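A.B. asks: Got a structure for you, structure26.csv, holding CSV, C-alpha atoms.
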chain,number,residue,atom,x,y,z
A,1,ALA,CA,-97.6,-224.4,26.1
A,2,LEU,CA,-100.9,-222.9,24.7
A,3,SER,CA,-99.0,-220.3,22.7
A,4,HIS,CA,-97.3,-223.1,20.8
A,5,SER,CA,-100.5,-225.3,20.4
A,6,ASN,CA,-102.4,-226.2,17.3
A,7,LEU,CA,-105.7,-224.7,18.5
A,8,GLU,CA,-107.3,-222.3,16.0
A,9,SER,CA,-106.0,-218.8,16.7
A,10,PRO,CA,-109.3,-217.1,17.8
A,11,ARG,CA,-110.1,-219.9,20.2
A,12,LEU,CA,-106.5,-219.9,21.5
A,13,ILE,CA,-106.7,-216.1,22.1
A,14,GLY,CA,-109.9,-216.5,24.0
A,15,VAL,CA,-108.5,-219.2,26.3
A,16,ILE,CA,-105.4,-217.1,27.0
A,17,THR,CA,-107.4,-213.9,27.5
A,18,ASP,CA,-109.5,-215.6,30.1
A,19,ALA,CA,-106.3,-216.7,31.8
A,20,VAL,CA,-105.1,-213.1,32.0
A,21,ARG,CA,-108.2,-212.4,34.1
A,22,ASP,CA,-107.4,-215.3,36.5
A,23,SER,CA,-107.2,-214.3,40.2
A,24,ASP,CA,-103.8,-216.1,40.5
A,25,ARG,CA,-101.0,-213.7,39.6
A,26,SER,CA,-98.8,-216.5,38.3
A,27,VAL,CA,-101.5,-217.5,35.9
A,28,GLN,CA,-101.9,-213.9,34.8
A,29,SER,CA,-98.2,-213.5,34.2
A,30,ALA,CA,-98.0,-216.8,32.2
A,31,ALA,CA,-101.0,-215.8,30.1
A,32,THR,CA,-99.6,-212.3,29.4
A,33,LEU,CA,-96.3,-213.9,28.3
A,34,ALA,CA,-98.2,-216.3,26.0
A,35,LEU,CA,-100.0,-213.4,24.3
A,36,ARG,CA,-96.7,-211.6,23.7
A,37,SER,CA,-95.3,-214.8,22.1
A,38,LEU,CA,-98.0,-215.1,19.5
A,39,GLN,CA,-95.8,-213.7,16.7
A,40,GLU,CA,-97.9,-215.1,13.8
A,41,ASP,CA,-101.1,-213.7,15.2
A,42,THR,CA,-100.0,-210.3,16.5
A,43,ASP,CA,-103.2,-208.6,15.3
A,44,LEU,CA,-105.4,-210.9,17.3
A,45,ALA,CA,-103.1,-210.7,20.4
A,46,VAL,CA,-103.1,-206.9,20.2
A,47,ASP,CA,-106.9,-206.7,19.9
A,48,ALA,CA,-107.3,-209.1,22.9
A,49,LEU,CA,-104.9,-207.1,25.0
A,50,ALA,CA,-106.5,-203.8,24.1
A,51,GLU,CA,-109.8,-205.2,25.3
A,52,LEU,CA,-108.2,-206.1,28.6
A,53,LEU,CA,-107.2,-202.5,29.1
A,54,SER,CA,-110.8,-201.7,30.1
A,55,ASP,CA,-111.0,-204.5,32.6
A,56,ASP,CA,-112.2,-203.6,36.1
A,57,GLU,CA,-109.2,-205.1,37.8
A,58,ALA,CA,-106.0,-203.0,37.9
A,59,ASP,CA,-103.8,-206.1,37.8
A,60,VAL,CA,-105.3,-207.2,34.6
A,61,ARG,CA,-105.0,-203.8,33.0
A,62,GLY,CA,-101.4,-203.6,34.1
A,63,SER,CA,-100.6,-207.0,32.7
A,64,ALA,CA,-102.2,-206.1,29.4
A,65,ALA,CA,-100.2,-202.8,29.3
A,66,PHE,CA,-97.0,-204.6,30.0
A,67,ALA,CA,-97.6,-207.1,27.1
A,68,LEU,CA,-98.6,-204.3,24.7
A,69,GLY,CA,-95.4,-202.4,25.6
A,70,ALA,CA,-93.4,-205.5,24.8
A,71,LEU,CA,-95.0,-205.6,21.3
A,72,GLY,CA,-93.8,-202.0,20.7
A,73,PRO,CA,-94.6,-200.6,17.2
A,74,ARG,CA,-96.8,-203.7,16.5
A,75,ALA,CA,-99.3,-202.2,19.0
A,76,GLU,CA,-99.8,-199.0,17.0
A,77,SER,CA,-103.3,-199.9,15.9
A,78,VAL,CA,-104.6,-199.7,19.5
A,79,VAL,CA,-102.8,-196.5,20.6
A,80,ASP,CA,-106.1,-194.7,21.0
A,81,GLU,CA,-107.4,-197.5,23.2
A,82,MET,CA,-104.2,-197.4,25.3
A,83,ILE,CA,-104.5,-193.7,25.8
A,84,ALA,CA,-108.2,-194.0,26.7
A,85,ALA,CA,-107.2,-196.5,29.4
A,86,LEU,CA,-105.0,-193.9,31.0
A,87,LYS,CA,-108.2,-192.4,32.3
A,88,LYS,CA,-109.4,-195.7,33.8
A,89,SER,CA,-107.4,-195.6,37.0
A,90,SER,CA,-104.3,-193.9,38.5
A,91,ASP,CA,-103.0,-197.3,39.7
A,92,ASP,CA,-101.4,-198.3,36.4
A,93,THR,CA,-100.8,-195.1,34.5
A,94,SER,CA,-97.0,-195.3,34.6
A,95,GLN,CA,-97.0,-198.8,33.1
A,96,LEU,CA,-99.5,-197.7,30.4
A,97,ALA,CA,-97.5,-194.6,29.7
A,98,LYS,CA,-94.4,-196.7,29.1
A,99,ALA,CA,-96.3,-199.1,26.9
A,100,ILE,CA,-97.6,-196.3,24.8
A,101,SER,CA,-94.1,-194.8,24.4
A,102,ARG,CA,-92.7,-198.1,23.2
A,103,VAL,CA,-95.1,-197.8,20.2
A,104,GLY,CA,-92.7,-195.1,19.0
A,105,PRO,CA,-93.0,-191.7,17.3
A,106,SER,CA,-96.3,-192.7,15.6
A,107,ALA,CA,-97.9,-192.5,19.1
A,108,VAL,CA,-97.0,-188.8,19.5
A,109,PRO,CA,-99.9,-187.2,17.5
A,110,ALA,CA,-102.5,-189.2,19.5
A,111,LEU,CA,-100.8,-188.3,22.8
A,112,LEU,CA,-100.8,-184.6,21.9
A,113,LYS,CA,-104.4,-184.8,20.9
A,114,ALA,CA,-105.3,-186.4,24.2
A,115,SER,CA,-103.7,-183.4,26.0
A,116,GLY,CA,-106.9,-181.4,25.2
A,117,ASP,CA,-108.9,-183.8,27.3
A,118,PRO,CA,-109.2,-182.5,30.9
A,119,ASP,CA,-109.7,-186.1,32.1
A,120,HIS,CA,-106.1,-186.9,31.2
A,121,SER,CA,-103.2,-186.0,33.5
A,122,PRO,CA,-100.8,-183.6,31.8
A,123,GLU,CA,-97.9,-185.2,33.8
A,124,VAL,CA,-98.7,-188.7,32.6
A,125,LEU,CA,-99.0,-187.6,29.0
A,126,ALA,CA,-95.7,-185.7,29.3
A,127,GLU,CA,-94.1,-188.8,30.7
A,128,ALA,CA,-95.3,-190.9,27.8
A,129,LEU,CA,-94.2,-188.4,25.2
A,130,ALA,CA,-90.7,-188.0,26.8
A,131,GLU,CA,-90.3,-191.8,27.0
A,132,VAL,CA,-90.7,-192.1,23.2
A,133,GLY,CA,-87.2,-190.6,23.1
A,134,PRO,CA,-85.4,-188.7,20.3
A,135,GLY,CA,-87.9,-189.8,17.7
A,136,ALA,CA,-90.5,-187.6,19.4
A,137,THR,CA,-88.3,-184.4,19.3
A,138,ASP,CA,-89.3,-183.2,15.8
A,139,PRO,CA,-93.1,-183.7,16.2
A,140,LEU,CA,-92.9,-182.1,19.7
A,141,ILE,CA,-91.1,-179.0,18.3
A,142,GLU,CA,-93.7,-178.8,15.5
A,143,ALA,CA,-96.5,-179.0,18.2
A,144,LEU,CA,-94.9,-176.0,20.0
A,145,GLY,CA,-95.8,-173.9,17.0
A,146,GLY,CA,-99.3,-175.3,16.6
A,147,THR,CA,-102.7,-173.9,17.3
A,148,SER,CA,-103.7,-176.2,20.2
A,149,LEU,CA,-102.7,-174.6,23.5
A,150,ALA,CA,-103.0,-177.9,25.4
A,151,ALA,CA,-100.8,-179.6,22.9
A,152,ARG,CA,-98.2,-176.8,23.1
A,153,ILE,CA,-98.1,-177.1,26.9
A,154,SER,CA,-97.8,-180.9,26.7
A,155,ALA,CA,-95.0,-180.6,24.2
A,156,ALA,CA,-93.1,-178.2,26.4
A,157,HIS,CA,-93.4,-180.4,29.4
A,158,ALA,CA,-92.4,-183.5,27.4
A,159,LEU,CA,-89.3,-181.8,26.0
A,160,GLY,CA,-88.2,-180.8,29.5
A,161,SER,CA,-88.9,-184.3,30.8
A,162,MET,CA,-86.4,-185.7,28.3
A,163,ASN,CA,-83.8,-184.1,30.6
A,164,PRO,CA,-81.6,-182.8,29.0
A,165,THR,CA,-84.0,-180.9,26.8
A,166,PRO,CA,-83.0,-181.5,23.2
A,167,ALA,CA,-80.9,-178.6,21.9
A,168,ALA,CA,-82.9,-178.5,18.7
A,169,SER,CA,-85.9,-177.3,20.6
A,170,GLU,CA,-84.4,-174.2,22.2
A,171,GLU,CA,-85.6,-171.7,19.5
A,172,ALA,CA,-89.2,-173.0,19.6
A,173,LEU,CA,-89.2,-173.0,23.4
A,174,ALA,CA,-87.8,-169.5,23.5
A,175,HIS,CA,-90.6,-168.3,21.3
A,176,CYS,CA,-93.1,-169.7,23.8
A,177,LEU,CA,-91.5,-167.5,26.6
A,178,GLU,CA,-93.4,-164.5,25.2
A,179,ASP,CA,-96.7,-166.3,24.9
A,180,PRO,CA,-99.6,-164.6,26.7
A,181,ASP,CA,-100.6,-167.9,28.4
A,182,GLU,CA,-98.7,-168.2,31.8
A,183,THR,CA,-98.9,-172.0,31.9
A,184,LEU,CA,-97.2,-172.3,28.6
A,185,ARG,CA,-94.6,-169.7,29.6
A,186,ALA,CA,-93.8,-171.6,32.8
A,187,ALA,CA,-93.6,-175.0,31.0
A,188,ALA,CA,-91.2,-173.5,28.4
A,189,VAL,CA,-89.1,-171.9,31.1
A,190,SER,CA,-88.8,-175.2,32.9
A,191,ALA,CA,-87.8,-177.0,29.7
A,192,ILE,CA,-85.1,-174.5,28.9
A,193,GLY,CA,-83.9,-174.9,32.4
A,194,HIS,CA,-83.2,-178.6,31.8
A,195,ALA,CA,-81.1,-178.0,28.7
A,196,LYS,CA,-77.3,-178.7,28.9
A,197,ARG,CA,-76.6,-175.1,27.7
A,198,VAL,CA,-78.6,-172.2,26.4
A,199,ASN,CA,-77.7,-169.2,24.2
A,200,ASN,CA,-77.3,-165.7,25.6
A,201,GLU,CA,-80.7,-164.6,24.2
A,202,SER,CA,-82.6,-167.3,26.0
A,203,LEU,CA,-80.6,-166.7,29.2
A,204,ALA,CA,-81.5,-163.0,29.1
A,205,LYS,CA,-85.1,-163.9,28.8
A,206,LEU,CA,-84.9,-166.2,31.8
A,207,HIS,CA,-83.5,-163.3,33.8
A,208,ASP,CA,-86.3,-161.1,32.7
A,209,LEU,CA,-88.9,-163.7,33.6
A,210,THR,CA,-87.8,-163.8,37.2
A,211,THR,CA,-90.0,-160.6,37.6
A,212,ASP,CA,-92.9,-161.9,35.4
A,213,ALA,CA,-96.4,-161.1,36.5
A,214,SER,CA,-97.2,-164.8,36.9
A,215,PRO,CA,-95.9,-166.5,40.2
A,216,ALA,CA,-95.7,-169.8,38.3
A,217,VAL,CA,-93.4,-168.3,35.7
A,218,ARG,CA,-91.3,-166.5,38.3
A,219,ALA,CA,-90.8,-169.7,40.2
A,220,SER,CA,-89.8,-171.7,37.1
A,221,ALA,CA,-87.4,-168.9,36.0
A,222,THR,CA,-85.6,-168.8,39.4
A,223,GLU,CA,-85.1,-172.6,39.3
A,224,ALA,CA,-84.1,-172.6,35.7
A,225,LEU,CA,-81.4,-169.9,36.2
A,226,VAL,CA,-79.7,-172.0,38.9
A,227,ASN,CA,-79.4,-174.8,36.3
A,228,VAL,CA,-78.1,-172.9,33.3
A,229,GLU,CA,-76.5,-169.6,34.4
A,230,SER,CA,-72.8,-170.0,34.8
A,231,ASP,CA,-72.3,-166.7,36.6
A,232,ARG,CA,-73.1,-167.9,40.2
A,233,GLU,CA,-72.7,-164.4,41.7
A,234,LYS,CA,-75.2,-163.0,39.2
A,235,VAL,CA,-77.7,-165.8,40.0
A,236,ALA,CA,-77.2,-165.4,43.8
A,237,THR,CA,-78.2,-161.7,43.4
A,238,VAL,CA,-81.3,-162.6,41.5
A,239,LEU,CA,-82.3,-165.3,44.0
A,240,SER,CA,-81.5,-163.1,47.0
A,241,ASN,CA,-84.1,-160.6,45.7
A,242,ALA,CA,-86.6,-163.4,45.1
A,243,VAL,CA,-86.6,-164.7,48.7
A,244,ASP,CA,-88.8,-161.7,49.5
A,245,ASP,CA,-91.3,-162.5,46.7
A,246,LYS,CA,-95.0,-162.2,47.7
A,247,ASP,CA,-95.6,-165.8,46.4
A,248,PRO,CA,-94.4,-168.7,48.7
A,249,LEU,CA,-93.6,-171.0,45.8
A,250,VAL,CA,-91.2,-168.4,44.4
A,251,ARG,CA,-89.6,-167.9,47.8
A,252,SER,CA,-89.2,-171.6,48.2
A,253,ARG,CA,-87.6,-172.1,44.8
A,254,ALA,CA,-85.3,-169.1,45.3
A,255,ILE,CA,-84.2,-170.4,48.7
A,256,ALA,CA,-83.5,-173.9,47.4
A,257,GLY,CA,-81.5,-172.3,44.6
A,258,LEU,CA,-79.4,-170.4,47.0
A,259,GLY,CA,-78.7,-173.6,48.9
A,260,ARG,CA,-77.5,-175.2,45.7
A,261,ILE,CA,-75.1,-172.3,45.1
A,262,GLY,CA,-73.7,-172.9,48.6
A,263,GLN,CA,-71.8,-169.7,49.2
A,264,ALA,CA,-71.4,-168.0,52.6
A,265,SER,CA,-73.1,-164.9,51.3
A,266,THR,CA,-76.1,-167.0,50.2
A,267,ALA,CA,-76.5,-168.4,53.8
A,268,ASP,CA,-76.9,-164.8,55.0
A,269,ALA,CA,-79.8,-164.3,52.5
A,270,ILE,CA,-81.4,-167.5,53.5
A,271,ALA,CA,-81.4,-167.2,57.3
A,272,PRO,CA,-84.3,-164.7,57.7
A,273,SER,CA,-86.6,-167.1,55.9
A,274,THR,CA,-86.5,-169.6,58.8
A,275,ALA,CA,-89.1,-167.2,60.3
A,276,ASP,CA,-91.3,-167.2,57.2
A,277,PRO,CA,-95.0,-167.6,58.0
A,278,VAL,CA,-95.3,-170.5,55.4
A,279,VAL,CA,-94.2,-174.0,56.5
A,280,ASP,CA,-92.9,-175.0,53.1
A,281,VAL,CA,-90.7,-171.9,52.9
A,282,ARG,CA,-89.3,-172.5,56.4
A,283,MET,CA,-88.5,-176.1,55.4
A,284,ALA,CA,-86.8,-174.9,52.3
A,285,ALA,CA,-84.8,-172.4,54.3
A,286,TYR,CA,-83.5,-175.0,56.8
A,287,GLN,CA,-82.7,-177.4,54.1
A,288,ALA,CA,-80.8,-174.7,52.1
A,289,LEU,CA,-78.8,-173.7,55.2
A,290,ALA,CA,-77.8,-177.4,55.6
A,291,ASP,CA,-76.8,-177.5,51.9
A,292,CYS,CA,-74.6,-174.5,52.3
A,293,ALA,CA,-72.8,-176.1,55.2
A,294,ASP,CA,-72.5,-172.6,56.7
A,295,ALA,CA,-70.6,-172.3,60.0
A,296,ASP,CA,-73.8,-171.3,61.7
A,297,ALA,CA,-76.0,-174.0,60.1
A,298,ALA,CA,-75.8,-176.3,63.1
A,299,ASN,CA,-77.1,-173.5,65.4
A,300,ALA,CA,-79.9,-172.7,63.0
A,301,LEU,CA,-80.9,-176.4,62.6
A,302,GLN,CA,-80.9,-176.9,66.4
A,303,ALA,CA,-83.1,-173.8,66.8
A,304,GLY,CA,-85.4,-175.2,64.2
A,305,LEU,CA,-86.2,-178.2,66.4
A,306,LYS,CA,-88.5,-175.8,68.4
A,307,ASP,CA,-90.5,-174.9,65.3
A,308,GLU,CA,-94.3,-175.4,65.7
A,309,ALA,CA,-94.6,-177.4,62.4
A,310,ASP,CA,-93.6,-181.1,62.6
A,311,LEU,CA,-92.4,-181.1,59.0
A,312,VAL,CA,-89.9,-178.3,59.7
A,313,VAL,CA,-88.7,-180.1,62.8
A,314,GLY,CA,-88.3,-183.3,60.7
A,315,THR,CA,-86.2,-181.4,58.2
A,316,CYS,CA,-83.9,-180.1,60.9
A,317,LEU,CA,-83.6,-183.4,62.7
A,318,ALA,CA,-82.5,-185.2,59.5
A,319,ALA,CA,-80.1,-182.4,58.3
A,320,LEU,CA,-78.4,-182.0,61.7
A,321,GLY,CA,-76.7,-185.4,61.5
A,322,ARG,CA,-75.3,-184.7,58.1
A,323,VAL,CA,-74.1,-181.1,58.8
A,324,ALA,CA,-72.9,-181.4,62.4
A,325,PRO,CA,-72.4,-185.1,63.4
A,326,GLU,CA,-70.9,-184.3,66.8
A,327,ARG,CA,-73.7,-181.9,67.6
A,328,ALA,CA,-76.3,-184.4,66.5
A,329,THR,CA,-75.0,-187.2,68.8
A,330,GLU,CA,-75.4,-184.8,71.7
A,331,VAL,CA,-78.8,-183.2,70.7
A,332,LEU,CA,-80.8,-185.9,69.0
A,333,PRO,CA,-80.8,-188.6,71.7
A,334,VAL,CA,-82.1,-186.0,74.2
A,335,TRP,CA,-84.7,-184.9,71.7
A,336,LEU,CA,-85.8,-188.5,71.2
A,337,GLN,CA,-86.2,-189.0,75.0
A,338,ASP,CA,-88.1,-185.7,75.3
A,339,HIS,CA,-90.5,-186.5,72.4
A,340,PRO,CA,-91.6,-190.1,72.8
A,341,ASP,CA,-94.8,-189.6,70.8
A,342,SER,CA,-93.6,-187.4,68.1
A,343,LYS,CA,-94.4,-188.3,64.5
A,344,MET,CA,-90.9,-187.1,63.5
A,345,ARG,CA,-88.9,-189.7,65.6
A,346,HIS,CA,-88.0,-191.5,62.4
A,347,ARG,CA,-86.3,-188.3,61.1
A,348,ALA,CA,-84.2,-188.1,64.3
A,349,VAL,CA,-83.1,-191.7,63.7
A,350,GLU,CA,-82.3,-190.7,60.1
A,351,GLY,CA,-80.2,-187.8,61.5
A,352,LEU,CA,-78.4,-190.1,63.9
A,353,GLY,CA,-77.8,-192.6,61.1
A,354,ALA,CA,-76.1,-189.9,59.1
A,355,THR,CA,-73.5,-189.5,61.8
A,356,GLY,CA,-72.0,-192.9,61.0
A,357,ASP,CA,-70.0,-194.6,63.7
A,358,ARG,CA,-70.8,-191.7,66.1
A,359,ALA,CA,-74.5,-192.9,66.3
A,360,PRO,CA,-75.2,-194.3,69.8
A,361,THR,CA,-76.4,-197.8,69.1
A,362,GLU,CA,-78.5,-198.2,72.2
A,363,ILE,CA,-80.4,-194.9,71.5
A,364,LEU,CA,-81.1,-196.1,67.9
A,365,ARG,CA,-82.3,-199.5,69.1
A,366,GLN,CA,-84.7,-197.9,71.6
A,367,ALA,CA,-86.0,-195.4,69.0
A,368,LEU,CA,-86.8,-198.2,66.6
Spell out the structure here as structure tokens.

C.D. replies:
Amino acid sequence: ALSHSNLESPRLIGVITDAVRDSDRSVQSAATLALRSLQEDTDLAVDALAELLSDDEADVRGSAAFALGALGPRAESVVDEMIAALKKSSDDTSQLAKAISRVGPSAVPALLKASGDPDHSPEVLAEALAEVGPGATDPLIEALGGTSLAARISAAHALGSMNPTPAASEEALAHCLEDPDETLRAAAVSAIGHAKRVNNESLAKLHDLTTDASPAVRASATEALVNVESDREKVATVLSNAVDDKDPLVRSRAIAGLGRIGQASTADAIAPSTADPVVDVRMAAYQALADCADADAANALQAGLKDEADLVVGTCLAALGRVAPERATEVLPVWLQDHPDSKMRHRAVEGLGATGDRAPTEILRQAL
């Protein structure tokens, strides 16, 4: 009702702004809606909402961000304030990122500039840039060739986050593959890996980068190849070599890629990694074996239930029900009875649930 009243606008804005800070969420929501509806006094509403972005309460900041997002391009004048608010708290960054993106392409320069501030999360900025949509493509491509390394990295991340990566950006991203900065190379590799298709030159560079000096680049390249290389045998060969990489992240990515390919030969390459000294790599290996649905996968997953790491055991418990339902209904109830205090009991229940009608109802009831 206030938004349609005859109060003088500044006074009206003040009353509604106070209501946004109210402890009652329903009052906050109504006040936010009222600010959004003040079409004739948009500038006043925008300024009031921007002020609320610095409030100490996360709920208030979130409400203000939501309202500004609804105003879209009309909130362009407070983009800097909205970006500054991203540093306030991690509770409402996603809502703020979406609000900034709805301002449109005019928000892109400010977001790229903010990428040079170490207090900003690169992931959140990339999310906001990607959410802008096709209108951000050209300025992001331009940023890839700019002088700011931080902006170039953010632009590469944002283009990849658009998923699929815009085809028009391939040439600029490919140029970044030869940059001396490993973070930029890795970001560009990842972005190319999210394209629908890549040309032969870019594909050849991705193959070369699987042996890059940087572990981050090697990991990104192995993952990207699985997405864009049509010759599965060729990819399987590259990944089979990478499972012995000295870096655990590269090994994990290679193993996961082999699981996605899902051939019998890839299972043979994966199996030795179930004894890897790094927990994350062993988890990836058991999950990949499950994805391959190899004839010996059930035996491997059952053996994995004896692993010393709870997370590995949990992976095997959940996967066993999907890969070998009959085996799971025999093994998992016994495991539940033998491990009454395990933190992974919920994964055993998940595995039994994946067996469908085979799941013993009484065992599930007791486990819950």

A.B. asks: Leaving out region 273-277 of chain A and any residue of its chain fewer than 5 positions from it, which residues lie within 8 Å of it when counting only C-alpha atoms, given as a PyMOL selection string?

C.D. replies: chain A and resi 243+282-283+285-286+304

A.B. asks: For region 346-357 of chain A, work out the shell of residues within 7 Å, counting all atoms listed in the file and skipping chain neighbours fewer than 2 positions away, then give it as a list in words.

C.D. replies: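 The residues that qualify are Gly314, Leu317, Ala318, Ala319, Leu320, Gly321, Arg322, Pro325, Ala328, Thr329, Leu332, Met344, Ala359 and Leu364 of chain A.
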
A.B. asks: Using all atoms listed in the file, can you tell me which of A:Thr93, A:Gly193, A:Ser148, A:Ala75 comes closest to Asp59 (chain A)?

C.D. replies: A:Thr93

A.B. asks: Taking all atoms listed in the file into account, which of A:Thr165, A:Ser214, A:Ser94, A:Ser252 comes nearest Asp181 (chain A)?

C.D. replies: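 That would be A:Ser214, the residue with the smallest distance to Asp181 (chain A).
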
A.B. asks: Nearest residue to Arg345 (chain A) out of A:Glu223, A:Glu170, A:Asp310, A:Asp119, using only C-alpha atoms?

C.D. replies: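 Using only C-alpha atoms, Arg345 (chain A) sits closest to A:Asp310.
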
A.B. asks: How many Å lie between CA of Leu44 (chain A) and CA of Gly14 (chain A), rounded to one decimal?

C.D. replies: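 Distance between the two atoms: 9.8 Å.
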
A.B. asks: What is the distance, in Å and to one decimal place, between CA of Val313 (chain A) and CA of Val250 (chain A)?

C.D. replies: 21.9 Å

A.B. asks: I want to know what sits within 12 Å of Ile83 (chain A), based on only C-alpha atoms, with residues of the same chain fewer than 5 positions away left out; could you give that as an mmCIF file with C-alpha atoms, keeping the file's coordinate frame?

C.D. replies:
data_model
loop_
_atom_site.group_PDB
_atom_site.id
_atom_site.type_symbol
_atom_site.label_atom_id
_atom_site.label_comp_id
_atom_site.auth_asym_id
_atom_site.auth_seq_id
_atom_site.Cartn_x
_atom_site.Cartn_y
_atom_site.Cartn_z
ATOM 1 C CA ALA A 50 -106.500 -203.800 24.100
ATOM 2 C CA LEU A 53 -107.200 -202.500 29.100
ATOM 3 C CA SER A 54 -110.800 -201.700 30.100
ATOM 4 C CA ALA A 65 -100.200 -202.800 29.300
ATOM 5 C CA GLU A 76 -99.800 -199.000 17.000
ATOM 6 C CA SER A 77 -103.300 -199.900 15.900
ATOM 7 C CA VAL A 78 -104.600 -199.700 19.500
ATOM 8 C CA LYS A 88 -109.400 -195.700 33.800
ATOM 9 C CA SER A 89 -107.400 -195.600 37.000
ATOM 10 C CA ASP A 92 -101.400 -198.300 36.400
ATOM 11 C CA THR A 93 -100.800 -195.100 34.500
ATOM 12 C CA SER A 94 -97.000 -195.300 34.600
ATOM 13 C CA GLN A 95 -97.000 -198.800 33.100
ATOM 14 C CA LEU A 96 -99.500 -197.700 30.400
ATOM 15 C CA ALA A 97 -97.500 -194.600 29.700
ATOM 16 C CA LYS A 98 -94.400 -196.700 29.100
ATOM 17 C CA ALA A 99 -96.300 -199.100 26.900
ATOM 18 C CA ILE A 100 -97.600 -196.300 24.800
ATOM 19 C CA SER A 101 -94.100 -194.800 24.400
ATOM 20 C CA VAL A 103 -95.100 -197.800 20.200
ATOM 21 C CA ALA A 107 -97.900 -192.500 19.100
ATOM 22 C CA VAL A 108 -97.000 -188.800 19.500
ATOM 23 C CA PRO A 109 -99.900 -187.200 17.500
ATOM 24 C CA ALA A 110 -102.500 -189.200 19.500
ATOM 25 C CA LEU A 111 -100.800 -188.300 22.800
ATOM 26 C CA LEU A 112 -100.800 -184.600 21.900
ATOM 27 C CA LYS A 113 -104.400 -184.800 20.900
ATOM 28 C CA ALA A 114 -105.300 -186.400 24.200
ATOM 29 C CA SER A 115 -103.700 -183.400 26.000
ATOM 30 C CA ASP A 117 -108.900 -183.800 27.300
ATOM 31 C CA ASP A 119 -109.700 -186.100 32.100
ATOM 32 C CA HIS A 120 -106.100 -186.900 31.200
ATOM 33 C CA SER A 121 -103.200 -186.000 33.500
ATOM 34 C CA VAL A 124 -98.700 -188.700 32.600
ATOM 35 C CA LEU A 125 -99.000 -187.600 29.000
ATOM 36 C CA ALA A 128 -95.300 -190.900 27.800
ATOM 37 C CA LEU A 129 -94.200 -188.400 25.200
#

A.B. asks: With all atoms listed in the file as the atoms that count, which of A:Leu140, A:Ala195, A:Leu184, A:Ala64 lies nearest to Leu52 (chain A)?

C.D. replies: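 Checking each of A:Leu140, A:Ala195, A:Leu184, A:Ala64 against Leu52 (chain A), counting all atoms listed in the file, the winner is A:Ala64.
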
A.B. asks: Using all atoms listed in the file, which of the listed residues (A:Ala158, A:Asp307, A:Gly62, A:Cys176) sits closest to Gly146 (chain A)?

C.D. replies: A:Cys176

A.B. asks: Could you tell me how far CA of Ala172 (chain A) lies from CA of Leu159 (chain A), in Å and to one decimal?

C.D. replies: 10.9 Å
